[in-house]
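Participant: Here's a structure for you.
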Amino acid sequence: MHSHLSDLADAVMCERLALADLSAWLEIEDLVVRQGDDRHVSRVTRRVGEAFAALRTSSLARAVAGDRAAAALGLPPASTLAELAGAAPEPWRSMLVEHRAAMRTSTRQVSTLVVESREVLAGLPC
C-alpha cells in the first residue's frame, strides 16, 4: 500500500509542476501579446500548447496512480484525491491533503489565466 501511496504522491507532484509550467507559459504569453511583439507570439503559443499536453500526460499518470492507490485502500476506481487522502494513513493523509489544496489553488490560477489569454488573443488582428 505504501508504494502505491508514494507513487500517487509523486504523480500529484508531477502534475503540480506541470500546472506551474503551464501557468508560467500563460503569463509569458500574456506579456508577449500585450507588448505587441508579433515575432514571438506563435513561439510562445506553441509552448503553451506543449505545456497543456504535458499537463494532460501528468494528469493521466496521476489518475492511474490514483486508481492503484484506491485499490490498495479498498476504494473504488476514480476516487477523488480527497477520498484517497481521507482513507490514507499518516503521513500520506497530510501529504495528500496539502497536495490537494495546492492543486486547487494552481488550477484556479491557470483557469483565470486561460480565460484572460483567450480574451487577449481574440482581440488580435488576424
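Residue numbering restarts at 1 in every chain; chains get A, B, ... in the order shown in the C-alpha cells, and ligands count up from 1 in that same order.
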Would you pick out the contacts of Ala85 (chain A) at 12 Å or less, using only C-alpha atoms, so that residues sharing its chain but fewer than 3 positions from it are not included, and give the list as an mmCIF file with C-alpha atoms, in the first residue's frame?
Facilitator:
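This is the output file part19.cif:
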```
data_model
loop_
_atom_site.group_PDB
_atom_site.id
_atom_site.type_symbol
_atom_site.label_atom_id
_atom_site.label_comp_id
_atom_site.auth_asym_id
_atom_site.auth_seq_id
_atom_site.Cartn_x
_atom_site.Cartn_y
_atom_site.Cartn_z
ATOM 1 C CA LEU A 5 0.660 5.983 -1.994
ATOM 2 C CA LEU A 8 0.430 8.729 -6.082
ATOM 3 C CA ALA A 9 2.227 11.475 -4.172
ATOM 4 C CA GLY A 66 -4.796 7.149 -8.013
ATOM 5 C CA ALA A 69 -3.776 3.633 -4.537
ATOM 6 C CA ALA A 70 -7.574 3.405 -4.381
ATOM 7 C CA LEU A 73 -7.025 1.386 0.201
ATOM 8 C CA LEU A 75 -11.746 2.392 -2.522
ATOM 9 C CA SER A 79 -11.747 8.055 -6.262
ATOM 10 C CA THR A 80 -11.033 11.716 -5.722
ATOM 11 C CA LEU A 81 -7.840 12.948 -4.144
ATOM 12 C CA ALA A 82 -9.903 13.997 -1.114
ATOM 13 C CA ALA A 88 -4.798 7.005 3.681
ATOM 14 C CA PRO A 89 -2.775 6.551 6.863
ATOM 15 C CA GLU A 90 -0.366 9.228 8.056
ATOM 16 C CA PRO A 91 1.934 10.674 6.809
ATOM 17 C CA TRP A 92 0.255 10.122 3.427
ATOM 18 C CA ARG A 93 -3.026 11.670 4.548
ATOM 19 C CA SER A 94 -1.427 15.019 5.413
ATOM 20 C CA MET A 95 0.729 14.963 2.305
ATOM 21 C CA LEU A 96 -2.232 14.300 0.014
ATOM 22 C CA VAL A 97 -4.344 16.956 1.743
ATOM 23 C CA GLU A 98 -1.556 19.500 1.168
ATOM 24 C CA HIS A 99 -1.168 18.425 -2.461
ATOM 25 C CA ARG A 100 -4.916 18.725 -2.989
ATOM 26 C CA ALA A 101 -5.030 22.250 -1.568
#
```
Participant: Can you pull out every residue within 8 Å of His4 (chain A), counting only C-alpha atoms, but drop anything in the same chain fewer than 3 positions away, and send it as a list in words?
Facilitator: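 Counting only C-alpha atoms, the residues come to Met1, Asp7, Leu8, Ala65, Arg68, Ala69 and Ala72 of chain A.
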Participant: Could the residues in this selection be written to a file with C-alpha atoms, as a PDB file, in the first residue's frame?
Facilitator:
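The file below, again.pdb, is the result:
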```
ATOM      1  CA  MET A   1       0.000   0.000   0.000  1.00  0.00           C
ATOM      2  CA  ASP A   7       3.593   6.646  -6.429  1.00  0.00           C
ATOM      3  CA  LEU A   8       0.430   8.729  -6.082  1.00  0.00           C
ATOM      4  CA  ALA A  65      -1.583   6.078  -9.722  1.00  0.00           C
ATOM      5  CA  ARG A  68      -3.794   1.838  -7.881  1.00  0.00           C
ATOM      6  CA  ALA A  69      -3.776   3.633  -4.537  1.00  0.00           C
ATOM      7  CA  ALA A  72      -4.811  -0.661  -2.139  1.00  0.00           C
TER       8      ALA A  72
END
```
Participant: Got a sec: who's within 9 Å of region 103-120 of chain A, counting only C-alpha atoms, leaving out chain neighbours fewer than 4 positions off, as a list in words?
Facilitator: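 Residues near the query, excluding close chain neighbours: Val12, Glu15, Arg16, Leu19, Ala20, Leu22, Ser23, Leu26, Glu27, Glu29, Asp30, Val33, Arg34, Glu98, His99 and Leu124 of chain A.
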Participant: Write a file of the just-selected residues containing C-alpha atoms, as a short mmCIF file (atom, residue, chain, number, x, y, z; two decimals), in the first residue's frame.
Facilitator:
```
data_model
loop_
_atom_site.label_atom_id
_atom_site.label_comp_id
_atom_site.auth_asym_id
_atom_site.auth_seq_id
_atom_site.Cartn_x
_atom_site.Cartn_y
_atom_site.Cartn_z
CA VAL A 12 0.49 14.53 -7.92
CA GLU A 15 1.02 17.28 -12.05
CA ARG A 16 1.60 20.28 -9.78
CA LEU A 19 0.44 23.19 -13.74
CA ALA A 20 3.20 25.56 -12.64
CA LEU A 22 1.55 25.97 -17.80
CA SER A 23 0.89 28.94 -15.56
CA LEU A 26 0.40 31.53 -19.96
CA GLU A 27 1.82 34.52 -18.11
CA GLU A 29 2.13 34.58 -23.50
CA ASP A 30 0.07 37.34 -21.92
CA VAL A 33 0.77 39.58 -26.61
CA ARG A 34 0.17 42.72 -24.54
CA GLU A 98 -1.56 19.50 1.17
CA HIS A 99 -1.17 18.43 -2.46
CA LEU A 124 -5.51 40.28 -32.01
#
```
Participant: Go through region 36-90 of chain A and collect every residue that DSSP, computed from the backbone, puts in helix (DSSP H, G or I); the answer should be as a PyMOL selection string.
Facilitator: chain A and resi 38-73+81-87
Participant: Any chance you could export the current selection's N, CA and C atoms as a CSV table (one decimal), in the first residue's frame?
Facilitator:
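Dumped to selection.csv:
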```csv
chain,number,residue,atom,x,y,z
A,38,ASP,N,4.8,40.7,-32.2
A,38,ASP,CA,4.3,39.6,-33.0
A,38,ASP,C,5.3,38.6,-33.3
A,39,ARG,N,6.6,38.9,-33.2
A,39,ARG,CA,7.7,38.0,-33.5
A,39,ARG,C,7.7,36.7,-32.7
A,40,HIS,N,7.2,36.8,-31.4
A,40,HIS,CA,7.3,35.7,-30.5
A,40,HIS,C,5.9,35.1,-30.1
A,41,VAL,N,4.8,35.6,-30.6
A,41,VAL,CA,3.5,35.1,-30.2
A,41,VAL,C,3.4,33.7,-30.6
A,42,SER,N,3.7,33.3,-31.9
A,42,SER,CA,3.5,31.9,-32.3
A,42,SER,C,4.4,31.0,-31.5
A,43,ARG,N,5.6,31.4,-31.2
A,43,ARG,CA,6.5,30.5,-30.5
A,43,ARG,C,6.0,30.3,-29.0
A,44,VAL,N,5.6,31.3,-28.4
A,44,VAL,CA,5.1,31.2,-27.0
A,44,VAL,C,3.8,30.5,-27.0
A,45,THR,N,2.9,30.7,-28.0
A,45,THR,CA,1.6,30.0,-28.0
A,45,THR,C,1.9,28.5,-28.2
A,46,ARG,N,2.9,28.1,-29.0
A,46,ARG,CA,3.3,26.7,-29.2
A,46,ARG,C,3.7,26.1,-27.8
A,47,ARG,N,4.5,26.9,-27.1
A,47,ARG,CA,5.0,26.4,-25.8
A,47,ARG,C,3.8,26.2,-24.8
A,48,VAL,N,2.8,27.1,-24.9
A,48,VAL,CA,1.6,26.9,-24.1
A,48,VAL,C,0.9,25.6,-24.4
A,49,GLY,N,0.8,25.3,-25.7
A,49,GLY,CA,0.2,24.1,-26.2
A,49,GLY,C,1.0,22.9,-25.7
A,50,GLU,N,2.3,23.0,-25.7
A,50,GLU,CA,3.2,21.9,-25.2
A,50,GLU,C,3.0,21.7,-23.7
A,51,ALA,N,2.8,22.8,-23.0
A,51,ALA,CA,2.6,22.8,-21.5
A,51,ALA,C,1.2,22.1,-21.2
A,52,PHE,N,0.2,22.4,-22.0
A,52,PHE,CA,-1.1,21.8,-21.9
A,52,PHE,C,-1.0,20.2,-22.1
A,53,ALA,N,-0.2,19.9,-23.1
A,53,ALA,CA,0.0,18.4,-23.4
A,53,ALA,C,0.7,17.7,-22.2
A,54,ALA,N,1.7,18.4,-21.7
A,54,ALA,CA,2.4,17.8,-20.5
A,54,ALA,C,1.5,17.7,-19.3
A,55,LEU,N,0.6,18.6,-19.2
A,55,LEU,CA,-0.4,18.6,-18.1
A,55,LEU,C,-1.3,17.4,-18.3
A,56,ARG,N,-1.8,17.2,-19.5
A,56,ARG,CA,-2.7,16.1,-19.8
A,56,ARG,C,-2.0,14.7,-19.5
A,57,THR,N,-0.7,14.6,-19.9
A,57,THR,CA,0.1,13.4,-19.6
A,57,THR,C,0.2,13.2,-18.1
A,58,SER,N,0.6,14.2,-17.4
A,58,SER,CA,0.7,14.1,-15.9
A,58,SER,C,-0.6,13.8,-15.3
A,59,SER,N,-1.7,14.4,-15.8
A,59,SER,CA,-3.0,14.1,-15.2
A,59,SER,C,-3.4,12.6,-15.4
A,60,LEU,N,-3.1,12.1,-16.5
A,60,LEU,CA,-3.3,10.7,-16.8
A,60,LEU,C,-2.5,9.8,-15.9
A,61,ALA,N,-1.2,10.1,-15.7
A,61,ALA,CA,-0.4,9.4,-14.8
A,61,ALA,C,-0.9,9.4,-13.4
A,62,ARG,N,-1.4,10.6,-13.0
A,62,ARG,CA,-2.0,10.7,-11.6
A,62,ARG,C,-3.2,9.9,-11.5
A,63,ALA,N,-4.0,9.8,-12.5
A,63,ALA,CA,-5.3,9.0,-12.5
A,63,ALA,C,-4.9,7.5,-12.3
A,64,VAL,N,-3.9,7.1,-13.1
A,64,VAL,CA,-3.5,5.7,-13.0
A,64,VAL,C,-3.0,5.4,-11.6
A,65,ALA,N,-2.1,6.3,-11.1
A,65,ALA,CA,-1.6,6.1,-9.7
A,65,ALA,C,-2.7,6.2,-8.7
A,66,GLY,N,-3.7,7.0,-8.9
A,66,GLY,CA,-4.8,7.1,-8.0
A,66,GLY,C,-5.6,5.9,-8.0
A,67,ASP,N,-5.9,5.3,-9.1
A,67,ASP,CA,-6.6,4.0,-9.2
A,67,ASP,C,-5.9,2.9,-8.4
A,68,ARG,N,-4.6,2.9,-8.6
A,68,ARG,CA,-3.8,1.8,-7.9
A,68,ARG,C,-3.8,2.1,-6.4
A,69,ALA,N,-3.7,3.3,-6.0
A,69,ALA,CA,-3.8,3.6,-4.5
A,69,ALA,C,-5.2,3.3,-4.0
A,70,ALA,N,-6.2,3.7,-4.8
A,70,ALA,CA,-7.6,3.4,-4.4
A,70,ALA,C,-7.8,1.9,-4.1
A,71,ALA,N,-7.3,1.1,-5.0
A,71,ALA,CA,-7.4,-0.4,-4.9
A,71,ALA,C,-6.7,-0.8,-3.6
A,72,ALA,N,-5.6,-0.3,-3.3
A,72,ALA,CA,-4.8,-0.7,-2.1
A,72,ALA,C,-5.5,-0.2,-0.9
A,73,LEU,N,-6.3,0.9,-1.0
A,73,LEU,CA,-7.0,1.4,0.2
A,73,LEU,C,-8.4,0.8,0.3
A,81,LEU,N,-9.0,12.8,-5.0
A,81,LEU,CA,-7.8,12.9,-4.1
A,81,LEU,C,-8.3,13.1,-2.7
A,82,ALA,N,-9.4,13.8,-2.5
A,82,ALA,CA,-9.9,14.0,-1.1
A,82,ALA,C,-10.3,12.6,-0.5
A,83,GLU,N,-10.9,11.8,-1.3
A,83,GLU,CA,-11.3,10.5,-0.8
A,83,GLU,C,-10.1,9.6,-0.5
A,84,LEU,N,-9.1,9.7,-1.4
A,84,LEU,CA,-7.8,9.0,-1.2
A,84,LEU,C,-7.1,9.4,0.1
A,85,ALA,N,-7.1,10.7,0.3
A,85,ALA,CA,-6.4,11.3,1.5
A,85,ALA,C,-7.2,10.9,2.7
A,86,GLY,N,-8.5,10.9,2.7
A,86,GLY,CA,-9.3,10.5,3.8
A,86,GLY,C,-9.1,9.1,4.2
A,87,ALA,N,-8.8,8.2,3.3
A,87,ALA,CA,-8.6,6.8,3.6
A,87,ALA,C,-7.1,6.4,3.9
```
Participant: Restricting the calculation to only C-alpha atoms, which member of A:Val32, A:Ala11, A:Ala24, A:Leu17 is positioned closest to Leu121 (chain A)?
Facilitator: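 Nearest to Leu121 (chain A): A:Val32.
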Participant: What's the separation between CA of Gln35 (chain A) and CA of Ala18 (chain A), in Å to one decimal place?
Facilitator: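 These atoms are spaced 25.6 Å apart.
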Participant: Please compute the CA of Ser6 (chain A)-CA of Gly74 (chain A) distance, one decimal, in Å.
Facilitator: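 Computed distance, CA of Ser6 (chain A) to CA of Gly74 (chain A), equals 16.4 Å.
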